[in-house]
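> Compact mmCIF, C-alpha atoms and all ligand atoms, file input-v1.txt:
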# COMPACT_ATOMS: atom_id res chain seq x y z
CA MET M 12 7.90 4.63 -22.65
CA SER M 13 10.11 3.65 -25.57
CA LYS M 14 9.88 0.14 -26.93
CA THR M 15 13.56 -0.37 -27.83
CA ALA M 16 15.06 -3.83 -27.24
CA THR M 17 16.63 -4.16 -23.83
CA PRO M 18 20.36 -5.00 -23.82
CA ALA M 19 21.39 -7.31 -21.02
CA ALA M 20 23.75 -4.87 -19.31
CA PRO M 21 22.57 -4.35 -15.72
CA THR M 22 22.85 -0.58 -16.00
CA GLN M 23 20.10 -0.88 -18.60
CA PHE M 24 17.84 -1.78 -15.69
CA ARG M 25 18.35 1.40 -13.76
CA GLY M 26 15.50 2.75 -11.69
CA VAL M 27 13.83 1.01 -8.74
CA SER M 28 10.87 1.57 -6.46
CA VAL M 29 9.60 0.81 -3.01
CA ASP M 30 6.03 0.93 -1.71
CA ILE M 31 6.11 1.40 2.05
CA GLY M 32 2.82 0.48 3.71
CA THR M 33 1.39 -0.21 7.13
CA MET M 34 1.47 -3.97 6.61
CA ASN M 35 3.78 -4.59 3.66
CA ILE M 36 6.87 -3.14 2.03
CA VAL M 37 7.17 -4.03 -1.66
CA SER M 38 10.03 -3.19 -4.01
CA ALA M 39 10.18 -3.53 -7.79
CA ARG M 40 13.08 -3.71 -10.20
CA ARG M 41 13.57 -4.78 -13.82
CA THR M 42 15.67 -7.85 -14.46
CA GLU M 43 16.44 -10.04 -17.47
CA LYS M 44 13.34 -12.02 -16.55
CA GLY M 45 11.04 -9.02 -16.41
CA VAL M 46 9.83 -6.96 -13.47
CA GLU M 47 10.63 -8.57 -10.14
CA THR M 48 8.86 -7.56 -6.94
CA ARG M 49 9.94 -8.37 -3.40
CA ARG M 50 7.67 -8.15 -0.40
CA VAL M 51 8.40 -8.06 3.29
CA ARG M 52 6.12 -7.65 6.26
CA ASP M 53 6.43 -4.17 7.79
CA ALA M 54 6.74 -5.41 11.36
CA PHE M 55 9.23 -5.99 14.13
CA LEU M 56 9.61 -7.65 17.50
CA ASP M 57 11.89 -6.70 20.34
CA LEU M 58 12.95 -9.48 22.64
CA ASP M 59 14.89 -9.81 25.84
CA PRO M 60 18.55 -10.89 25.42
CA SER M 61 17.65 -14.20 27.08
CA ALA M 62 16.01 -15.26 23.81
CA LYS M 63 19.35 -15.11 21.98
CA ARG M 64 20.18 -18.81 22.36
CA MET M 65 16.84 -19.93 21.03
CA LEU M 66 17.05 -17.55 18.09
CA LYS M 67 20.56 -18.73 17.24
CA LEU M 68 19.50 -22.35 17.43
CA SER M 69 16.51 -21.81 15.19
CA GLY M 70 18.61 -19.83 12.73
CA VAL M 71 16.51 -16.67 12.92
CA ASP M 72 18.31 -13.48 11.91
CA PHE M 73 18.23 -10.79 14.56
CA PHE M 74 19.88 -7.48 15.32
CA GLU M 75 21.27 -6.47 18.70
CA ARG M 76 20.48 -3.04 19.85
CA GLY M 77 21.13 -1.55 23.26
CA GLY M 78 20.76 -4.85 25.09
CA GLU M 79 17.65 -5.78 23.12
CA LEU M 80 17.19 -8.22 20.29
CA LEU M 81 15.34 -7.02 17.24
CA ILE M 82 13.68 -9.29 14.69
CA VAL M 83 12.25 -7.66 11.60
CA GLY M 84 9.95 -8.64 8.75
CA ASP M 85 7.91 -11.83 8.33
CA LYS M 86 9.95 -13.67 10.97
CA ALA M 87 8.86 -11.10 13.56
CA LEU M 88 5.29 -12.38 13.28
CA GLU M 89 6.33 -15.99 13.45
CA ILE M 90 8.52 -15.54 16.51
CA ALA M 91 5.94 -13.30 18.16
CA ASN M 92 3.53 -16.24 18.06
CA VAL M 93 6.12 -18.52 19.66
CA PHE M 94 6.52 -16.08 22.58
CA GLY M 95 2.84 -15.21 22.78
CA LYS M 96 3.71 -11.60 22.07
CA GLU M 97 2.48 -9.24 19.42
CA ALA M 98 4.68 -7.93 16.64
CA ARG M 99 4.84 -4.15 16.42
CA ARG M 100 4.47 -1.96 13.35
CA PRO M 101 6.61 1.02 12.38
CA LEU M 102 3.62 2.71 10.72
CA SER M 103 0.16 3.34 12.01
CA GLN M 104 -2.74 4.22 9.72
CA GLY M 105 -0.39 4.65 6.79
CA LEU M 106 1.97 7.11 8.43
CA LEU M 107 5.00 7.18 10.68
CA ALA M 108 4.21 8.27 14.16
CA ALA M 109 6.37 11.22 15.23
CA GLY M 110 9.06 10.33 17.75
CA GLU M 111 9.03 6.56 17.13
CA ILE M 112 12.78 5.99 17.25
CA ASP M 113 12.49 2.17 17.02
CA ALA M 114 10.35 2.50 13.93
CA LEU M 115 12.97 4.43 11.99
CA GLU M 116 15.67 1.88 12.64
CA VAL M 117 13.39 -0.99 11.66
CA LEU M 118 12.28 0.72 8.46
CA GLY M 119 15.91 1.28 7.54
CA LEU M 120 16.64 -2.44 7.87
CA LEU M 121 13.52 -3.54 5.99
CA ILE M 122 13.87 -1.07 3.15
CA LYS M 123 17.53 -2.04 2.69
CA GLN M 124 16.46 -5.68 2.64
CA VAL M 125 13.91 -5.32 -0.17
CA LEU M 126 15.87 -2.80 -2.25
CA GLY M 127 19.31 -4.38 -2.15
CA ASP M 128 22.22 -2.30 -3.42
CA PRO M 129 21.75 0.40 -6.04
CA ALA M 130 22.84 -0.49 -9.61
CA GLU M 131 24.92 2.70 -9.53
CA PRO M 132 25.42 5.44 -6.94
CA ASN M 133 22.33 7.62 -6.60
CA GLU M 134 20.14 5.40 -8.75
CA ALA M 135 16.60 6.80 -8.83
CA CYS M 136 14.26 5.17 -6.32
CA TYR M 137 10.62 6.21 -6.33
CA TYR M 138 8.97 5.61 -2.96
CA SER M 139 5.27 5.76 -2.18
CA VAL M 140 3.76 8.51 -0.10
CA PRO M 141 0.09 8.62 0.78
CA ALA M 142 -1.94 11.73 0.09
CA ALA M 143 -2.95 13.73 3.15
CA PRO M 144 -5.80 12.00 5.00
CA VAL M 145 -9.01 14.02 4.75
CA ASP M 146 -10.37 12.52 7.95
CA ALA M 147 -7.29 12.77 10.17
CA PRO M 148 -6.45 16.46 9.91
CA ASP M 149 -3.96 16.26 12.77
CA ARG M 150 -1.75 13.97 10.70
CA ASP M 151 0.21 15.33 7.77
CA ILE M 152 2.56 13.59 5.40
CA ILE M 153 5.48 16.02 5.68
CA TYR M 154 7.39 14.22 8.41
CA HIS M 155 6.59 10.82 6.89
CA GLN M 156 7.81 11.82 3.43
CA GLY M 157 10.94 13.48 4.79
CA VAL M 158 12.04 10.66 7.04
CA LEU M 159 11.39 7.92 4.46
CA GLY M 160 13.29 10.00 1.91
CA ARG M 161 16.26 10.12 4.25
CA ILE M 162 16.14 6.35 4.83
CA VAL M 163 16.03 5.58 1.10
CA THR M 164 18.88 8.06 0.52
CA GLU M 165 20.95 6.35 3.20
CA CYS M 166 20.51 3.10 1.28
CA GLY M 167 22.45 4.75 -1.57
CA PHE M 168 19.60 5.89 -3.82
CA ARG M 169 18.27 9.21 -5.02
CA ALA M 170 14.91 9.19 -3.31
CA VAL M 171 11.89 10.54 -5.18
CA PRO M 172 8.56 10.69 -3.32
CA SER M 173 5.51 9.76 -5.36
CA ASN M 174 1.79 9.49 -4.69
CA GLU M 175 0.56 5.97 -3.88
CA ALA M 176 -2.73 6.07 -5.80
CA MET M 177 -1.17 7.78 -8.83
CA ALA M 178 1.13 4.75 -9.05
CA VAL M 179 -2.00 2.62 -9.52
CA VAL M 180 -3.11 4.92 -12.33
CA PHE M 181 0.31 4.67 -14.00
CA ASN M 182 0.38 0.90 -13.77
CA GLU M 183 -3.20 0.13 -14.76
CA THR M 184 -4.48 2.74 -17.23
CA ALA M 185 -1.98 2.76 -20.13
CA LYS M 186 -4.76 1.67 -22.50
CA ASP M 187 -6.95 4.53 -21.26
CA GLY M 188 -4.27 7.12 -21.99
CA PHE M 189 -3.37 7.22 -18.30
CA SER M 190 -6.80 8.54 -17.38
CA GLY M 191 -8.75 7.07 -14.53
CA VAL M 192 -9.34 6.87 -10.83
CA GLY M 193 -6.77 4.76 -9.01
CA ILE M 194 -7.64 3.40 -5.58
CA SER M 195 -5.29 1.58 -3.26
CA PHE M 196 -7.20 -0.14 -0.47
CA GLY M 197 -4.42 -0.79 2.04
CA SER M 198 -4.17 -1.83 5.60
CA GLY M 199 -4.01 1.51 7.39
CA MET M 200 -5.64 3.72 4.80
CA SER M 201 -7.21 3.95 1.39
CA ASN M 202 -5.65 6.22 -1.21
CA VAL M 203 -7.41 7.75 -4.19
CA ALA M 204 -6.11 9.67 -7.21
CA LEU M 205 -7.87 10.92 -10.31
CA ALA M 206 -5.87 11.66 -13.44
CA VAL M 207 -6.58 12.67 -17.01
CA ASN M 208 -3.77 12.08 -19.53
CA THR M 209 -1.26 11.49 -16.69
CA ILE M 210 -2.15 14.82 -15.06
CA GLU M 211 -3.25 14.43 -11.45
CA GLY M 212 -6.46 16.32 -10.85
CA MET M 213 -7.13 15.24 -7.31
CA SER M 214 -5.71 12.95 -4.68
CA PHE M 215 -6.55 12.22 -1.07
CA SER M 216 -6.53 9.44 1.47
CA VAL M 217 -8.90 8.29 4.17
CA ALA M 218 -7.61 6.77 7.39
CA ARG M 219 -9.63 3.59 6.88
CA GLY M 220 -8.56 0.31 5.32
CA GLY M 221 -8.21 -3.35 6.20
CA ASP M 222 -7.39 -2.66 9.85
CA TRP M 223 -10.51 -0.57 10.20
CA ILE M 224 -12.62 -3.39 8.73
CA ASP M 225 -11.06 -5.95 11.08
CA ALA M 226 -11.54 -3.73 14.13
CA GLY M 227 -15.13 -2.79 13.28
CA ALA M 228 -16.23 -6.33 12.48
CA ALA M 229 -14.50 -7.69 15.60
CA LYS M 230 -16.31 -5.25 17.84
CA ALA M 231 -19.64 -5.96 16.17
CA VAL M 232 -19.53 -9.70 16.80
CA GLY M 233 -17.41 -9.70 19.97
CA SER M 234 -14.40 -11.33 18.38
CA THR M 235 -10.74 -10.37 18.00
CA GLN M 236 -9.23 -8.29 15.26
CA ALA M 237 -6.77 -11.08 14.44
CA ARG M 238 -9.58 -13.59 13.96
CA MET M 239 -11.56 -11.27 11.71
CA CYS M 240 -8.41 -10.54 9.69
CA ALA M 241 -7.74 -14.27 9.21
CA LEU M 242 -11.34 -14.85 8.16
CA LYS M 243 -11.20 -11.96 5.72
CA GLU M 244 -7.98 -13.18 4.15
CA GLY M 245 -9.03 -16.82 4.21
CA GLY M 246 -11.48 -16.86 1.35
CA ILE M 247 -14.71 -15.02 2.03
CA ASP M 248 -17.11 -14.12 -0.78
CA LEU M 249 -18.27 -10.58 -0.07
CA THR M 250 -21.27 -10.92 -2.35
CA ARG M 251 -22.46 -14.03 -0.47
CA PRO M 252 -21.42 -13.76 3.18
CA VAL M 253 -22.22 -16.80 5.30
CA GLY M 254 -22.87 -16.42 9.02
CA ARG M 255 -22.61 -13.55 11.44
CA GLU M 256 -18.87 -12.98 11.19
CA GLN M 257 -18.71 -12.87 7.39
CA GLU M 258 -21.81 -10.69 7.42
CA ALA M 259 -20.04 -8.23 9.72
CA LEU M 260 -17.00 -8.14 7.44
CA ALA M 261 -19.22 -7.46 4.42
CA VAL M 262 -20.97 -4.64 6.28
CA TYR M 263 -17.66 -2.93 7.00
CA TYR M 264 -16.40 -3.52 3.47
CA LYS M 265 -19.55 -1.89 2.15
CA SER M 266 -19.15 1.02 4.50
CA LEU M 267 -15.51 1.53 3.45
CA ILE M 268 -16.44 1.57 -0.24
CA GLU M 269 -19.35 3.98 0.33
CA TYR M 270 -17.13 6.23 2.41
CA THR M 271 -14.45 6.25 -0.28
CA LEU M 272 -16.95 7.03 -3.05
CA ASP M 273 -18.59 9.79 -1.00
CA ASN M 274 -15.19 11.32 -0.39
CA ILE M 275 -14.40 11.18 -4.11
CA THR M 276 -17.54 13.23 -4.74
CA ALA M 277 -16.74 15.70 -1.97
CA GLN M 278 -13.08 16.13 -2.92
CA PHE M 279 -13.86 16.46 -6.62
CA ALA M 280 -16.21 19.35 -5.83
CA ARG M 281 -13.18 21.28 -4.59
CA VAL M 282 -11.24 21.01 -7.88
CA ARG M 283 -14.18 21.09 -10.23
CA GLY M 284 -13.47 24.64 -11.44
CA GLN M 285 -9.91 23.83 -12.52
CA PHE M 286 -10.26 20.28 -13.75
CA ALA M 287 -12.52 18.61 -16.28
CA VAL M 288 -13.00 14.91 -17.02
CA PRO M 289 -13.92 14.98 -20.69
CA ARG M 290 -14.86 11.31 -21.13
CA PRO M 291 -15.84 8.23 -19.11
CA ILE M 292 -12.86 6.92 -17.16
CA PRO M 293 -12.19 3.59 -15.45
CA ILE M 294 -11.85 3.03 -11.73
CA VAL M 295 -8.87 0.75 -11.09
CA ILE M 296 -8.48 -0.97 -7.77
CA ALA M 297 -5.39 -2.29 -6.02
CA GLY M 298 -4.11 -2.96 -2.50
CA GLY M 299 -4.36 -6.00 -0.24
CA THR M 300 -7.83 -5.17 1.05
CA SER M 301 -9.16 -5.52 -2.50
CA MET M 302 -8.07 -9.17 -2.53
CA ALA M 303 -11.11 -10.36 -0.61
CA GLY M 304 -13.24 -12.73 -2.70
CA GLY M 305 -15.81 -11.00 -4.89
CA PHE M 306 -14.41 -7.55 -4.12
CA THR M 307 -14.70 -6.11 -7.62
CA GLU M 308 -18.29 -7.27 -8.06
CA PHE M 309 -19.14 -6.02 -4.59
CA PHE M 310 -17.52 -2.65 -5.38
CA GLN M 311 -19.59 -2.44 -8.56
CA GLN M 312 -22.78 -3.10 -6.64
CA VAL M 313 -22.00 -0.31 -4.18
CA LEU M 314 -20.96 1.97 -7.03
CA GLU M 315 -24.39 1.51 -8.63
CA THR M 316 -26.00 3.01 -5.52
CA ARG M 317 -23.69 6.02 -5.77
CA ARG M 318 -23.28 6.41 -9.52
CA LYS M 319 -25.74 9.30 -9.86
CA LYS M 320 -23.83 11.32 -7.30
CA LEU M 321 -20.43 10.81 -8.89
CA PRO M 322 -19.29 13.93 -10.75
CA PHE M 323 -17.85 12.01 -13.73
CA GLU M 324 -18.75 8.97 -15.78
CA VAL M 325 -17.22 5.61 -15.01
CA SER M 326 -16.44 3.41 -18.02
CA GLU M 327 -15.67 0.30 -15.98
CA VAL M 328 -14.29 -1.03 -12.70
CA ARG M 329 -11.09 -3.04 -13.00
CA HIS M 330 -9.03 -4.98 -10.53
CA ALA M 331 -5.22 -4.83 -10.78
CA LYS M 332 -3.72 -8.13 -11.89
CA ASP M 333 -1.29 -8.03 -8.97
CA PRO M 334 -3.11 -6.03 -6.28
CA LEU M 335 -0.19 -6.13 -3.80
CA GLY M 336 2.51 -5.29 -6.34
CA ALA M 337 0.67 -2.75 -8.51
CA ILE M 338 1.84 0.27 -6.55
CA ALA M 339 5.53 -0.68 -6.60
CA GLN M 340 5.20 -1.46 -10.30
CA GLY M 341 3.56 1.88 -11.05
CA LEU M 342 6.33 3.65 -9.14
CA LEU M 343 8.89 1.65 -11.10
CA LEU M 344 7.41 2.84 -14.41
CA GLN M 345 8.06 6.39 -13.27
CA ALA M 346 11.60 5.64 -12.07
CA ILE M 347 12.49 3.97 -15.38
CA GLN M 348 11.34 7.03 -17.30
CA GLU M 349 14.25 8.97 -15.83
CA TYR M 350 16.63 6.83 -17.84
CA GLU M 351 14.80 6.80 -21.17
N1 LIG M 401 -6.61 -12.27 0.46
C1 LIG M 401 -6.95 -11.20 1.14
N2 LIG M 401 -8.26 -10.88 1.29
C2 LIG M 401 -8.62 -9.76 1.96
N3 LIG M 401 -7.76 -8.92 2.53
C3 LIG M 401 -6.44 -9.19 2.41
C4 LIG M 401 -5.98 -10.32 1.72
N4 LIG M 401 -4.62 -10.31 1.77
C5 LIG M 401 -4.28 -9.22 2.46
N5 LIG M 401 -5.37 -8.54 2.86
C6 LIG M 401 -5.42 -7.31 3.65
O1 LIG M 401 -4.77 -6.28 2.93
C7 LIG M 401 -4.22 -5.34 3.82
C8 LIG M 401 -2.77 -5.10 3.42
O2 LIG M 401 -2.76 -4.54 2.15
P1 LIG M 401 -1.56 -3.65 1.60
O3 LIG M 401 -0.30 -4.42 1.62
O4 LIG M 401 -2.00 -3.09 0.29
O5 LIG M 401 -1.50 -2.51 2.69
P2 LIG M 401 -0.30 -1.52 3.00
O6 LIG M 401 0.19 -0.94 1.73
O7 LIG M 401 0.72 -2.22 3.84
O8 LIG M 401 -1.02 -0.43 3.89
P3 LIG M 401 -1.26 1.15 3.65
O9 LIG M 401 -1.06 1.45 2.22
O10 LIG M 401 -2.64 1.38 4.12
O11 LIG M 401 -0.25 1.81 4.54
C9 LIG M 401 -4.38 -5.91 5.22
O12 LIG M 401 -5.49 -5.30 5.85
C10 LIG M 401 -4.66 -7.39 4.95
O13 LIG M 401 -5.43 -7.99 5.97
MG MG M 402 -0.26 0.74 0.56
Could you write out this file's structure as structure tokens?


Amino acid sequence: MSKTATPAAPTQFRGVSVDIGTMNIVSARRTEKGVETRRVRDAFLDLDPSAKRMLKLSGVDFFERGGELLIVGDKALEIANVFGKEARRPLSQGLLAAGEIDALEVLGLLIKQVLGDPAEPNEACYYSVPAAPVDAPDRDIIYHQGVLGRIVTECGFRAVPSNEAMAVVFNETAKDGFSGVGISFGSGMSNVALAVNTIEGMSFSVARGGDWIDAGAAKAVGSTQARMCALKEGGIDLTRPVGREQEALAVYYKSLIEYTLDNITAQFARVRGQFAVPRPIPIVIAGGTSMAGGFTEFFQQVLETRRKKLPFEVSEVRHAKDPLGAIAQGLLLQAIQEYE
């Protein structure tokens, strides 16, 4: 990336990005004040028309569709609580479900909301796409990538699909010459990419993430997924779990990390002939699931038990400064390059 001074003209800030996940949609754009990210909850709620009065009174934005009322984003969760209903999600385990008509419409509204208008017609917009899940062979990314591309295009952008975990590598390993393993621990899945000097040597996803931890821990202690999620987000220390519920969360966190590391070893074996890692590389971690207290230390502890099996040397484990925004920011770096 060139280091020339940035004139204030808005067209100087061309190139945007959007990271579309199971729980959150995050966009990134350069402004006079630096990189700005916007986040919205990837959720919606459909309500009976009888709720219209109440929504109008409380000033909640809604869309009318075929006799139904549609609330999207963070408000969907809030209003769902009021009505004792559950907000729905357009994605499941990181991917669009085929034939979910509602989901497409909702994603269109949400993506438009976080991206705003393009700075010029067909401005480049990099959008995140997970790698194919190694443990859900019946689900591929082709439909997902195609449909999201169409939605971003309809918002007025030139849509460029880009790997989610590679975005972590781009954002977090400049000082390592863009060499490292990027991991995005999300809600529906975990994405991994390994790169040396910006060249992707391997990428894959596993269909396990925060939701899987919540569900597993809930079952283990006979609680609800929502409660376990709140506990997990509410300030647990994974290295010192207190009580049965925290213990269960830590067990599932450990299992997710082991599973991810084991899959790195297995997947690397498949590319070993064509790809060499000439020096120790960092592992950089992002995604909401990595925001649990003590995650990096906990990850390191699990890594120690697996280090001998790993097919390359790890120089260090680093946590992204902004774990929720790192992917959108890494995508943005790539979008900006098109204009330099
Ligand atoms: N402070 C926190 N501590 C632990 N977990 C958290 C915290 N904040 C959010 N999470 C979890 O992070 C996950 C959401 O992360 P993220 O936004 O990276 O996922 P996503 O990109 O929407 O999903 P995916 O990439 O899997 O489709 C959820 O499981 C959520 O419960
Ligand atoms: Mg994600």

> Around ligand MG 402 (chain M), at most 8 Å away and counting all atoms listed in the file, which residues are there? Put them as a list in words, please.

Asp30, Ile31, Gly32, Thr33, Met34, Asn35, Gly105, Ser139, Pro141, Glu175, Ser195, Phe196, Gly197, Ser198, Gly199, Met200, Ser201, Asn202, Gly298, Gly299 and Ile338 of chain M

> Excluding M:Val288 and residues on its chain fewer than 2 positions from it, collect all residues at most 7 Å away from it, counting all atoms listed in the file, and give them as a PDB file with C-alpha atoms, in the coordinates of the input.


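Listed below is the output, around.pdb:
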ATOM      1  CA  VAL M 207      -6.580  12.670 -17.010  1.00  0.00           C
ATOM      2  CA  PHE M 286     -10.260  20.280 -13.750  1.00  0.00           C
ATOM      3  CA  ARG M 290     -14.860  11.310 -21.130  1.00  0.00           C
ATOM      4  CA  PHE M 323     -17.850  12.010 -13.730  1.00  0.00           C
TER       5      PHE M 323
END

> Restricting the calculation to all atoms listed in the file: of M:Asp187, M:Glu256, M:Glu75, M:Asp53, which residue gets closest to M:Leu121?

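For M:Leu121, the nearest of the candidates is M:Asp53.
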
> Can you work out which one of M:Arg329, M:Arg283, M:Arg219, M:Arg41 has the shortest atom-to-atom distance to ligand LIG 401 (chain M), counting all atoms listed in the file?

M:Arg219

> Is it possible to get the axis-aligned box enclosing stretch 329-336 of chain M (all listed atoms, 3 Å extra per side) as AutoDock Vina command-line options, with centre and edge lengths in Å rounded to one decimal?


--center_x -4.3 --center_y -5.6 --center_z -8.4 --size_x 19.6 --size_y 11.1 --size_z 15.2

> Find the residue from M:Thr316, M:Ile112, M:Asn92, M:Pro60 that sits nearest to M:Gly78; use only C-alpha atoms when measuring.

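So, comparing all the options, the nearest one is M:Pro60.
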
> Hey, which of M:Ile247, M:Ala259, M:Leu272, M:Ile296 ends up closest to M:Glu327? Count all atoms listed in the file.

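Between M:Ile247, M:Ala259, M:Leu272, M:Ile296, the residue approaching M:Glu327 most closely is M:Ile296.
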
> Separation of atom CA of M:Tyr137 and atom CA of M:Gly188, in Å?

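So the two atoms, atom CA of M:Tyr137 and atom CA of M:Gly188, lie 21.6 Å apart.
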
> What is the distance, in Å and to one decimal place, between atom CA of M:Phe168 and atom CA of M:Gly336?

20.6 Å

> Choose the residue, out of M:Met177, M:Val262, M:Leu58, M:Leu68, that has the smallest atom-to-atom separation from M:Phe309; count all atoms listed in the file.

M:Val262

> Once N, CA, C and O atoms are restored for stretch 330-348 of chain M, what would the output be as a tab-separated table (two decimals), keeping the file's coordinate frame?


chain	number	residue	atom	x	y	z
M	330	HIS	N	-9.88	-4.58	-11.63
M	330	HIS	CA	-9.03	-4.98	-10.53
M	330	HIS	C	-7.61	-5.16	-11.06
M	330	HIS	O	-7.42	-5.78	-12.11
M	331	ALA	N	-6.61	-4.64	-10.36
M	331	ALA	CA	-5.22	-4.83	-10.78
M	331	ALA	C	-4.90	-6.32	-10.81
M	331	ALA	O	-5.38	-7.08	-9.97
M	332	LYS	N	-4.07	-6.72	-11.78
M	332	LYS	CA	-3.72	-8.13	-11.89
M	332	LYS	C	-2.95	-8.59	-10.64
M	332	LYS	O	-3.14	-9.68	-10.15
M	333	ASP	N	-2.09	-7.73	-10.16
M	333	ASP	CA	-1.29	-8.03	-8.97
M	333	ASP	C	-1.58	-6.93	-7.93
M	333	ASP	O	-0.86	-5.95	-7.85
M	334	PRO	N	-2.67	-7.12	-7.16
M	334	PRO	CA	-3.11	-6.03	-6.28
M	334	PRO	C	-2.06	-5.58	-5.26
M	334	PRO	O	-2.00	-4.41	-4.92
M	335	LEU	N	-1.21	-6.50	-4.80
M	335	LEU	CA	-0.19	-6.13	-3.80
M	335	LEU	C	1.03	-5.47	-4.43
M	335	LEU	O	1.72	-4.69	-3.77
M	336	GLY	N	1.30	-5.80	-5.70
M	336	GLY	CA	2.51	-5.29	-6.34
M	336	GLY	C	2.27	-4.10	-7.25
M	336	GLY	O	3.21	-3.46	-7.73
M	337	ALA	N	1.00	-3.77	-7.51
M	337	ALA	CA	0.67	-2.75	-8.51
M	337	ALA	C	1.27	-1.38	-8.19
M	337	ALA	O	1.68	-0.65	-9.10
M	338	ILE	N	1.33	-1.06	-6.93
M	338	ILE	CA	1.84	0.27	-6.55
M	338	ILE	C	3.35	0.35	-6.81
M	338	ILE	O	3.82	1.29	-7.46
M	339	ALA	N	4.08	-0.66	-6.35
M	339	ALA	CA	5.53	-0.68	-6.60
M	339	ALA	C	5.81	-0.68	-8.10
M	339	ALA	O	6.73	-0.02	-8.58
M	340	GLN	N	4.98	-1.41	-8.86
M	340	GLN	CA	5.20	-1.46	-10.30
M	340	GLN	C	4.91	-0.12	-10.98
M	340	GLN	O	5.62	0.29	-11.89
M	341	GLY	N	3.88	0.55	-10.51
M	341	GLY	CA	3.56	1.88	-11.05
M	341	GLY	C	4.63	2.90	-10.70
M	341	GLY	O	4.93	3.81	-11.49
M	342	LEU	N	5.22	2.77	-9.53
M	342	LEU	CA	6.33	3.65	-9.14
M	342	LEU	C	7.54	3.35	-10.00
M	342	LEU	O	8.28	4.25	-10.42
M	343	LEU	N	7.75	2.06	-10.28
M	343	LEU	CA	8.89	1.65	-11.10
M	343	LEU	C	8.81	2.26	-12.50
M	343	LEU	O	9.80	2.73	-13.04
M	344	LEU	N	7.59	2.25	-13.08
M	344	LEU	CA	7.41	2.84	-14.41
M	344	LEU	C	7.91	4.29	-14.43
M	344	LEU	O	8.54	4.74	-15.39
M	345	GLN	N	7.63	5.00	-13.35
M	345	GLN	CA	8.06	6.39	-13.27
M	345	GLN	C	9.57	6.51	-13.10
M	345	GLN	O	10.22	7.37	-13.68
M	346	ALA	N	10.15	5.61	-12.30
M	346	ALA	CA	11.60	5.64	-12.07
M	346	ALA	C	12.36	5.35	-13.37
M	346	ALA	O	13.35	6.01	-13.70
M	347	ILE	N	11.85	4.37	-14.12
M	347	ILE	CA	12.49	3.97	-15.38
M	347	ILE	C	12.53	5.12	-16.38
M	347	ILE	O	13.48	5.31	-17.11
M	348	GLN	N	11.44	5.90	-16.37
M	348	GLN	CA	11.34	7.03	-17.30
M	348	GLN	C	12.52	7.99	-17.19
M	348	GLN	O	12.88	8.63	-18.16
